[in-house]
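Trainee: Below you'll find input.tsv; it's TSV, C-alpha atoms.
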chain	number	residue	atom	x	y	z
C	1	MET	CA	35.83	-29.62	77.57
C	2	ARG	CA	35.51	-26.60	79.89
C	3	ASP	CA	32.27	-26.14	81.79
C	4	PRO	CA	30.40	-23.72	79.52
C	5	ARG	CA	28.38	-22.31	82.40
C	6	GLU	CA	31.51	-21.38	84.36
C	7	ALA	CA	33.16	-19.99	81.24
C	8	VAL	CA	30.13	-17.79	80.50
C	9	ARG	CA	29.81	-16.69	84.13
C	10	ARG	CA	33.47	-15.67	84.28
C	11	ARG	CA	33.42	-13.74	81.02
C	12	LEU	CA	30.06	-12.08	81.55
C	13	GLY	CA	30.87	-10.75	85.02
C	14	PRO	CA	28.28	-9.44	87.49
C	15	LEU	CA	24.88	-8.81	85.92
C	16	ASP	CA	23.60	-6.71	88.86
C	17	MET	CA	20.18	-8.27	89.01
C	18	ASP	CA	18.21	-10.83	90.97
C	19	ALA	CA	20.51	-13.85	91.51
C	20	GLY	CA	17.92	-16.33	90.21
C	21	ARG	CA	17.38	-14.38	87.01
C	22	ALA	CA	21.15	-13.95	86.53
C	23	GLU	CA	21.62	-17.73	86.85
C	24	GLU	CA	18.85	-18.34	84.35
C	25	ILE	CA	20.53	-16.02	81.84
C	26	ILE	CA	23.94	-17.63	82.38
C	27	ALA	CA	22.41	-21.10	81.93
C	28	GLU	CA	20.71	-20.05	78.72
C	29	LEU	CA	23.83	-18.43	77.27
C	30	ALA	CA	25.87	-21.48	78.29
C	31	ASP	CA	23.38	-23.67	76.40
C	32	HIS	CA	23.90	-21.59	73.30
C	33	VAL	CA	27.69	-21.75	73.71
C	34	SER	CA	27.44	-25.55	74.03
C	35	ASP	CA	25.43	-25.73	70.80
C	36	LEU	CA	28.05	-23.65	69.00
C	37	ALA	CA	30.82	-25.85	70.42
C	38	GLU	CA	28.99	-28.96	69.16
C	39	GLU	CA	28.90	-27.40	65.70
C	40	TRP	CA	32.68	-27.02	65.81
C	41	LEU	CA	33.08	-30.58	67.07
C	42	ARG	CA	31.09	-31.84	64.08
C	43	ARG	CA	33.48	-29.93	61.84
C	44	GLY	CA	36.38	-31.84	63.35
C	45	ALA	CA	37.69	-29.50	66.03
C	46	THR	CA	38.93	-30.87	69.34
C	47	ALA	CA	36.80	-30.27	72.43
C	48	GLU	CA	39.12	-27.52	73.63
C	49	GLU	CA	39.22	-25.83	70.22
C	50	ALA	CA	35.45	-26.12	69.84
C	51	MET	CA	34.80	-24.39	73.15
C	52	GLY	CA	37.40	-21.74	72.34
C	53	HIS	CA	35.72	-20.98	69.00
C	54	ALA	CA	32.28	-20.93	70.60
C	55	LEU	CA	33.33	-18.50	73.31
C	56	SER	CA	35.19	-16.26	70.89
C	57	SER	CA	32.00	-15.83	68.84
C	58	ILE	CA	31.19	-13.11	71.38
C	59	PRO	CA	33.91	-10.53	70.82
C	60	ASP	CA	32.65	-8.08	73.47
C	61	TRP	CA	31.44	-9.65	76.69
C	62	ASP	CA	31.27	-6.30	78.47
C	63	GLY	CA	28.99	-5.02	75.73
C	64	LEU	CA	26.80	-8.10	76.04
C	65	ARG	CA	26.55	-7.65	79.81
C	66	LEU	CA	25.45	-4.03	79.34
C	67	GLU	CA	22.94	-4.95	76.64
C	68	ILE	CA	21.42	-7.61	78.88
C	69	ARG	CA	21.21	-5.16	81.78
C	70	TYR	CA	19.48	-2.56	79.59
C	71	ALA	CA	17.07	-5.16	78.26
C	72	GLU	CA	16.21	-6.32	81.77
C	73	GLN	CA	15.63	-2.73	82.89
C	74	GLU	CA	13.29	-1.85	80.07
C	75	GLU	CA	10.16	-2.29	82.15
C	76	ASP	CA	11.82	-0.51	85.08
C	77	ILE	CA	12.61	2.45	82.85
C	78	MET	CA	8.94	2.82	82.00
C	79	SER	CA	7.81	2.55	85.58
C	80	TYR	CA	10.61	4.95	86.58
C	81	ARG	CA	9.17	7.65	84.29
C	82	VAL	CA	5.71	7.07	85.66
C	83	LYS	CA	6.94	7.22	89.26
C	84	ALA	CA	9.40	10.09	88.97
C	85	LEU	CA	7.55	12.24	86.49
C	86	TRP	CA	3.97	11.55	85.55
C	87	LEU	CA	2.49	10.56	88.91
C	88	PRO	CA	3.79	13.63	90.78
C	89	ALA	CA	2.89	15.83	87.81
C	90	VAL	CA	-0.69	14.58	87.72
C	91	CYS	CA	-1.00	14.96	91.50
C	92	THR	CA	0.31	18.52	91.56
C	93	THR	CA	-2.08	19.42	88.75
C	94	THR	CA	-5.06	17.88	90.55
C	95	LEU	CA	-4.16	19.60	93.80
C	96	SER	CA	-3.61	22.92	92.09
C	97	MET	CA	-6.97	22.73	90.29
C	98	ALA	CA	-8.78	21.72	93.47
C	99	LEU	CA	-7.23	24.64	95.34
C	100	PHE	CA	-8.13	27.00	92.54
C	101	GLN	CA	-11.77	25.90	92.78
C	102	LEU	CA	-11.63	26.35	96.54
C	103	ALA	CA	-10.09	29.81	96.20
C	104	GLN	CA	-12.80	30.82	93.73
C	105	TRP	CA	-15.49	29.54	96.09
C	106	ALA	CA	-14.05	31.22	99.20
C	107	TRP	CA	-12.97	34.45	97.49
C	108	PRO	CA	-15.16	34.83	94.43
C	109	LEU	CA	-13.54	38.11	93.43
C	110	PRO	CA	-9.88	37.93	92.57
C	111	HIS	CA	-7.53	40.78	93.26
C	112	SER	CA	-7.44	42.83	90.08
C	113	MET	CA	-4.60	45.03	88.93
C	114	TRP	CA	-5.66	47.37	86.18
C	115	LEU	CA	-2.93	47.68	83.65
C	116	TRP	CA	-3.95	49.43	80.50
C	117	ARG	CA	-7.21	50.49	78.75
C	118	GLY	CA	-9.43	48.23	80.82
C	119	VAL	CA	-7.06	45.30	80.68
C	120	ALA	CA	-6.60	43.80	84.12
C	121	LEU	CA	-4.40	41.23	85.73
C	122	PHE	CA	-6.45	38.97	88.02
C	123	LEU	CA	-4.65	37.36	90.87
C	124	TYR	CA	-6.01	34.80	93.35
C	125	TRP	CA	-3.59	35.50	96.16
C	126	PRO	CA	-4.70	32.64	98.46
C	127	TRP	CA	-4.22	30.21	95.57
C	128	LEU	CA	-0.88	31.71	94.56
C	129	LEU	CA	0.34	31.53	98.15
C	130	CYS	CA	-0.50	27.81	98.32
C	131	LEU	CA	1.25	26.97	95.06
C	132	PRO	CA	4.84	26.89	96.43
C	133	PHE	CA	3.75	24.08	98.74
C	134	ILE	CA	2.29	22.13	95.82
C	135	GLY	CA	5.45	22.69	93.79
C	136	ALA	CA	7.53	21.53	96.73
C	137	PHE	CA	5.36	18.42	97.08
C	138	GLY	CA	5.73	17.52	93.39
C	139	ALA	CA	9.50	18.04	93.35
C	140	TYR	CA	9.94	16.15	96.63
C	141	TRP	CA	7.93	13.18	95.29
C	142	SER	CA	9.95	13.14	92.07
C	143	ARG	CA	13.24	13.30	94.00
C	144	ARG	CA	12.18	10.42	96.23
C	145	ALA	CA	11.38	8.37	93.13
C	146	GLY	CA	14.90	9.08	91.79
C	147	GLY	CA	13.95	11.93	89.46
C	148	ARG	CA	16.68	14.05	87.98
C	149	LEU	CA	16.79	17.86	88.18
C	150	LEU	CA	14.64	18.52	85.12
C	151	GLU	CA	12.13	15.85	86.10
C	152	ARG	CA	11.77	17.34	89.60
C	153	ALA	CA	11.30	20.83	88.16
C	154	PHE	CA	8.82	19.49	85.62
C	155	ALA	CA	6.86	17.56	88.26
C	156	GLY	CA	6.72	20.62	90.52
C	157	ALA	CA	5.74	23.14	87.87
C	158	PHE	CA	3.56	20.84	85.75
C	159	PRO	CA	0.22	22.56	86.56
C	160	ALA	CA	1.50	25.78	85.00
C	161	LEU	CA	3.40	24.09	82.18
C	162	GLY	CA	0.36	22.01	81.30
C	163	LEU	CA	-1.77	25.13	81.16
C	164	ILE	CA	0.77	26.93	78.96
C	165	CYS	CA	0.77	23.97	76.56
C	166	PHE	CA	-3.01	23.87	76.56
C	167	LEU	CA	-3.24	27.61	75.90
C	168	ALA	CA	-0.67	27.38	73.11
C	169	LEU	CA	-2.65	24.59	71.44
C	170	PHE	CA	-5.98	26.34	72.02
C	171	SER	CA	-4.68	29.66	70.66
C	172	SER	CA	-3.23	27.94	67.59
C	173	TRP	CA	-6.53	26.19	66.98
C	174	VAL	CA	-8.50	29.42	67.35
C	175	LEU	CA	-6.07	31.36	65.15
C	176	VAL	CA	-6.46	28.78	62.42
C	177	PHE	CA	-10.20	28.11	62.61
C	178	ASN	CA	-11.74	31.28	64.06
C	179	GLU	CA	-12.05	34.06	61.53
C	180	GLY	CA	-12.52	36.78	64.16
C	181	TRP	CA	-9.10	36.15	65.63
C	182	SER	CA	-7.49	35.97	62.24
C	183	HIS	CA	-8.27	39.68	61.81
C	184	ARG	CA	-7.64	40.95	65.32
C	185	PRO	CA	-6.08	38.53	67.77
C	186	PRO	CA	-6.75	39.63	71.38
C	187	LEU	CA	-3.10	39.56	72.27
C	188	VAL	CA	-3.17	41.80	75.35
C	189	PRO	CA	-5.95	39.94	77.22
C	190	LEU	CA	-4.33	36.67	76.21
C	191	VAL	CA	-0.97	37.76	77.59
C	192	THR	CA	-2.50	38.94	80.88
C	193	PHE	CA	-4.42	35.68	81.15
C	194	VAL	CA	-1.23	33.68	80.58
C	195	LEU	CA	0.55	35.82	83.18
C	196	SER	CA	-2.24	35.37	85.76
C	197	CYS	CA	-2.92	31.69	85.23
C	198	ALA	CA	0.37	30.26	84.05
C	199	VAL	CA	3.46	32.44	84.46
C	200	PHE	CA	2.97	33.69	88.04
C	201	PRO	CA	1.63	30.34	89.24
C	202	GLY	CA	4.54	28.64	87.46
C	203	LEU	CA	7.02	30.85	89.28
C	204	ALA	CA	5.27	30.18	92.59
C	205	LEU	CA	5.40	26.42	91.94
C	206	LEU	CA	9.07	26.57	90.98
C	207	LEU	CA	9.85	28.63	94.08
C	208	GLY	CA	8.46	25.83	96.22
C	209	ALA	CA	10.26	23.17	94.18
C	210	LEU	CA	13.59	24.95	94.46
C	211	PRO	CA	14.83	23.32	97.72
C	212	PHE	CA	14.18	19.89	96.23
C	213	LEU	CA	16.05	20.52	93.00
C	214	LYS	CA	19.32	20.14	94.90
C	215	GLY	CA	20.67	16.88	96.20
C	216	SER	CA	20.68	13.60	94.33
C	217	GLN	CA	18.92	10.33	94.78
C	218	HIS	CA	20.22	7.17	93.17
C	219	GLU	CA	19.84	7.36	89.41
C	220	PRO	CA	19.04	4.07	87.74
C	221	ALA	CA	20.35	3.51	84.23
C	222	ARG	CA	17.57	4.63	82.01
C	223	ASP	CA	18.96	4.33	78.53
C	224	GLY	CA	17.01	1.43	77.19
C	225	THR	CA	18.22	1.72	73.65
C	226	SER	CA	20.01	-1.17	72.15
C	227	GLY	CA	22.88	-1.09	69.78
E	1	MET	CA	26.02	-11.92	47.98
E	2	GLU	CA	27.17	-9.43	50.63
E	3	PRO	CA	25.35	-9.67	53.97
E	4	ILE	CA	22.97	-6.83	54.80
E	5	ARG	CA	24.58	-4.03	56.83
E	6	SER	CA	24.31	-4.26	60.59
E	7	GLN	CA	22.09	-1.18	61.14
E	8	VAL	CA	19.43	-2.53	58.82
E	9	LYS	CA	19.72	-5.87	60.56
E	10	ARG	CA	19.12	-4.24	63.93
E	11	GLY	CA	15.99	-2.55	62.70
E	12	SER	CA	14.63	-5.78	61.32
E	13	ALA	CA	15.77	-8.02	64.17
E	14	GLU	CA	12.56	-7.86	66.19
E	15	PHE	CA	10.53	-8.63	63.12
E	16	ALA	CA	12.75	-11.58	62.24
E	17	ILE	CA	12.45	-13.11	65.71
E	18	LEU	CA	8.69	-12.62	65.93
E	19	SER	CA	8.29	-14.08	62.43
E	20	VAL	CA	10.11	-17.33	63.15
E	21	LEU	CA	8.34	-17.70	66.49
E	22	ALA	CA	5.00	-17.33	64.75
E	23	ASP	CA	5.50	-20.82	63.30
E	24	GLN	CA	6.43	-22.64	66.48
E	25	PRO	CA	8.14	-22.23	69.90
E	26	LEU	CA	11.94	-22.35	69.62
E	27	HIS	CA	14.96	-21.99	71.88
E	28	GLY	CA	17.57	-19.29	71.31
E	29	TYR	CA	20.00	-21.33	69.21
E	30	GLU	CA	17.16	-22.62	67.02
E	31	ILE	CA	15.85	-19.08	66.53
E	32	ALA	CA	19.27	-17.93	65.28
E	33	LYS	CA	19.65	-20.97	63.00
E	34	ARG	CA	16.10	-20.72	61.66
E	35	ILE	CA	16.57	-17.04	60.76
E	36	GLU	CA	19.91	-17.75	59.09
E	37	ARG	CA	18.45	-20.64	57.10
E	38	GLN	CA	15.27	-18.87	56.04
E	39	THR	CA	17.16	-15.77	54.90
E	40	GLN	CA	19.82	-17.91	53.17
E	41	GLY	CA	22.55	-16.48	55.37
E	42	LEU	CA	21.68	-12.82	54.83
E	43	LEU	CA	20.63	-12.33	58.45
E	44	VAL	CA	23.01	-13.85	60.94
E	45	PHE	CA	22.29	-13.56	64.65
E	46	ASN	CA	25.06	-14.27	67.09
E	47	LEU	CA	24.56	-14.86	70.77
E	48	ALA	CA	25.34	-11.23	71.65
E	49	SER	CA	22.76	-9.78	69.28
E	50	LEU	CA	20.05	-12.35	69.93
E	51	TYR	CA	19.61	-12.63	73.68
E	52	PRO	CA	19.34	-8.95	74.71
E	53	LEU	CA	16.65	-8.64	72.05
E	54	LEU	CA	14.83	-11.75	73.26
E	55	TYR	CA	14.89	-10.44	76.85
E	56	ARG	CA	13.54	-7.12	75.64
E	57	LEU	CA	10.70	-8.82	73.78
E	58	GLU	CA	10.03	-10.90	76.88
E	59	LYS	CA	9.83	-7.76	79.02
E	60	ARG	CA	7.32	-6.30	76.59
E	61	ARG	CA	5.40	-9.57	76.89
E	62	TRP	CA	5.52	-10.15	73.16
E	63	VAL	CA	7.21	-13.50	73.77
E	64	LYS	CA	7.03	-15.85	76.73
E	65	ALA	CA	9.86	-18.15	77.75
E	66	SER	CA	9.72	-21.39	79.68
E	67	TRP	CA	12.18	-24.16	80.48
E	68	ASP	CA	11.27	-27.40	78.70
E	69	THR	CA	13.08	-30.68	78.42
E	70	SER	CA	13.98	-31.76	74.88
E	71	PRO	CA	13.50	-35.39	73.69
E	72	GLN	CA	17.26	-35.81	74.27
E	73	GLY	CA	16.69	-34.92	77.93
E	74	ARG	CA	18.31	-31.49	77.69
E	75	ARG	CA	16.62	-28.58	79.46
E	76	ARG	CA	16.09	-25.64	77.14
E	77	ARG	CA	14.48	-22.26	77.45
E	78	HIS	CA	11.85	-22.11	74.73
E	79	TYR	CA	10.30	-18.91	73.48
E	80	ARG	CA	6.77	-18.71	72.19
E	81	LEU	CA	4.82	-15.81	70.73
E	82	THR	CA	2.14	-14.38	73.03
E	83	ALA	CA	-1.18	-12.95	71.91
E	84	ALA	CA	0.33	-9.47	72.30
E	85	GLY	CA	3.28	-10.53	70.13
E	86	LYS	CA	0.94	-11.87	67.44
E	87	LYS	CA	-0.89	-8.57	67.51
E	88	GLN	CA	2.43	-6.73	66.98
E	89	LEU	CA	3.53	-8.97	64.15
E	90	ALA	CA	0.72	-8.19	61.70
E	91	PRO	CA	1.36	-4.42	61.47
E	92	LEU	CA	5.13	-5.04	61.47
E	93	ARG	CA	4.73	-7.32	58.44
E	94	ALA	CA	2.74	-4.64	56.64
E	95	GLU	CA	5.29	-1.95	57.54
E	96	TRP	CA	8.23	-3.99	56.28
E	97	ARG	CA	6.43	-4.85	53.06
E	98	LEU	CA	5.77	-1.15	52.53
E	99	PHE	CA	9.37	-0.30	53.36
E	100	PHE	CA	10.79	-2.77	50.86
E	101	ARG	CA	8.29	-1.72	48.22
E	102	ALA	CA	9.50	1.86	48.70
E	103	LEU	CA	13.14	0.76	48.43
E	104	ASN	CA	12.33	-1.22	45.29
E	105	ARG	CA	10.78	1.85	43.74
E	106	LEU	CA	13.88	3.85	44.60
E	107	ALA	CA	16.07	1.16	43.09
E	108	GLU	CA	13.97	1.19	39.91
E	109	VAL	CA	14.25	4.98	39.66
E	110	ALA	CA	18.01	4.72	40.11
E	111	ARG	CA	18.20	2.07	37.38
E	112	ALA	CA	16.11	4.08	34.90
Output the file's structure in the form of structure tokens.
Mentor:
Amino acid sequence: MRDPREAVRRRLGPLDMDAGRAEEIIAELADHVSDLAEEWLRRGATAEEAMGHALSSIPDWDGLRLEIRYAEQEEDIMSYRVKALWLPAVCTTTLSMALFQLAQWAWPLPHSMWLWRGVALFLYWPWLLCLPFIGAFGAYWSRRAGGRLLERAFAGAFPALGLICFLALFSSWVLVFNEGWSHRPPLVPLVTFVLSCAVFPGLALLLGALPFLKGSQHEPARDGTSG
Amino acid sequence: MEPIRSQVKRGSAEFAILSVLADQPLHGYEIAKRIERQTQGLLVFNLASLYPLLYRLEKRRWVKASWDTSPQGRRRRHYRLTAAGKKQLAPLRAEWRLFFRALNRLAEVARA
């Protein structure tokens, strides 16, 4: 009878993982193949036939190799998202908030641009000028961790995106539960606030992230779904 | 009776593995055989469908594997349910019961 371990190794091909782990998987699959071959032997097949039947119970060895790789990368996929997306995003947000506090402390009065009927656009220029550096930092970190284009942009602009999401949720909540707003929603001040605190900062962050959106790092397989 | 379609099998595969491991630690071949026997041949795991799933469950730390030597002197990789796996199994059981109850109701409506 053929050596089941060799037969499995040859059919499975390179698993692209730690050699010890790959050997362990091959040994385990070979064990299973041996058990199947023994079943066929008990049914009266010759040793050669039994091994042939056992090996042919896996019609798609390439598919099996891919499935095993995906399964082995499952944990890596999770840590990849944390490293390439959430960690830089949280850091850029923390930095941006800290700088905003600092800007408010150093320059208590923001630059105001009066737009219409007492509605003003408040801009903290020192803070806005720092934001491209924070965006660049977030995108750079994400790129180093193997982040793709959208992940780098997301990591760089997260402080503004997070605020937009928060404002959207907050506004929805107020519109639903606050009767005052249900009659007369303060749309103009809300829009200027979103422009001052989210849209312009978001653009500044993205401007800084821009140089790091180009170029590619290695991209690990991240589709952990099984068939 | 016709075997259950493969997509449904995939969805229930994790539950099937965790269920049989709840009774005792087993190696891969035994897991496949136990599931086949207990479901009277309705769920059939082959090597290709079983091991990627086992490795995934191992990564999630729902099962733990270790090499043990059988009474016949053969080294086998046995899987046992971890505390985290046991914790997952209880809600899975409830979900599947609910799912089949819902399907039964649908079947009854269709029959009526």
Trainee: Could you write out as a PDB file with C-alpha atoms, in the coordinates of the input the residues of chain E within 8 Å of chain C, counting all atoms listed in the file?
Mentor:
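The resulting file, result_38.pdb, is reproduced below:
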ATOM      1  CA  ARG E  10      19.120  -4.240  63.930  1.00  0.00           C
ATOM      2  CA  GLY E  28      17.570 -19.290  71.310  1.00  0.00           C
ATOM      3  CA  TYR E  29      20.000 -21.330  69.210  1.00  0.00           C
ATOM      4  CA  ASN E  46      25.060 -14.270  67.090  1.00  0.00           C
ATOM      5  CA  LEU E  47      24.560 -14.860  70.770  1.00  0.00           C
ATOM      6  CA  ALA E  48      25.340 -11.230  71.650  1.00  0.00           C
ATOM      7  CA  TYR E  51      19.610 -12.630  73.680  1.00  0.00           C
ATOM      8  CA  PRO E  52      19.340  -8.950  74.710  1.00  0.00           C
ATOM      9  CA  LEU E  53      16.650  -8.640  72.050  1.00  0.00           C
ATOM     10  CA  TYR E  55      14.890 -10.440  76.850  1.00  0.00           C
ATOM     11  CA  ARG E  56      13.540  -7.120  75.640  1.00  0.00           C
ATOM     12  CA  LYS E  59       9.830  -7.760  79.020  1.00  0.00           C
ATOM     13  CA  ARG E  60       7.320  -6.300  76.590  1.00  0.00           C
ATOM     14  CA  ARG E  76      16.090 -25.640  77.140  1.00  0.00           C
ATOM     15  CA  ARG E  77      14.480 -22.260  77.450  1.00  0.00           C
TER      16      ARG E  77
END
Trainee: To one decimal place, how far is atom CA of Val82 of chain C from atom CA of Ser142 of chain C in Å?
Mentor: 9.8 Å
Trainee: Got a sec: who's within 9 Å of Leu87 of chain C, counting all atoms listed in the file, leaving out chain neighbours fewer than 6 positions off, as a PyMOL selection string?
Mentor: chain C and resi 81+138+141-142+155
Trainee: Could you tell me how far atom CA of Leu92 of chain E sits from atom CA of Leu106 of chain E, in Å to one decimal place?
Mentor: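 Taking atom CA of Leu106 of chain E as the start and atom CA of Leu92 of chain E as the end point, the length is 21.0 Å.
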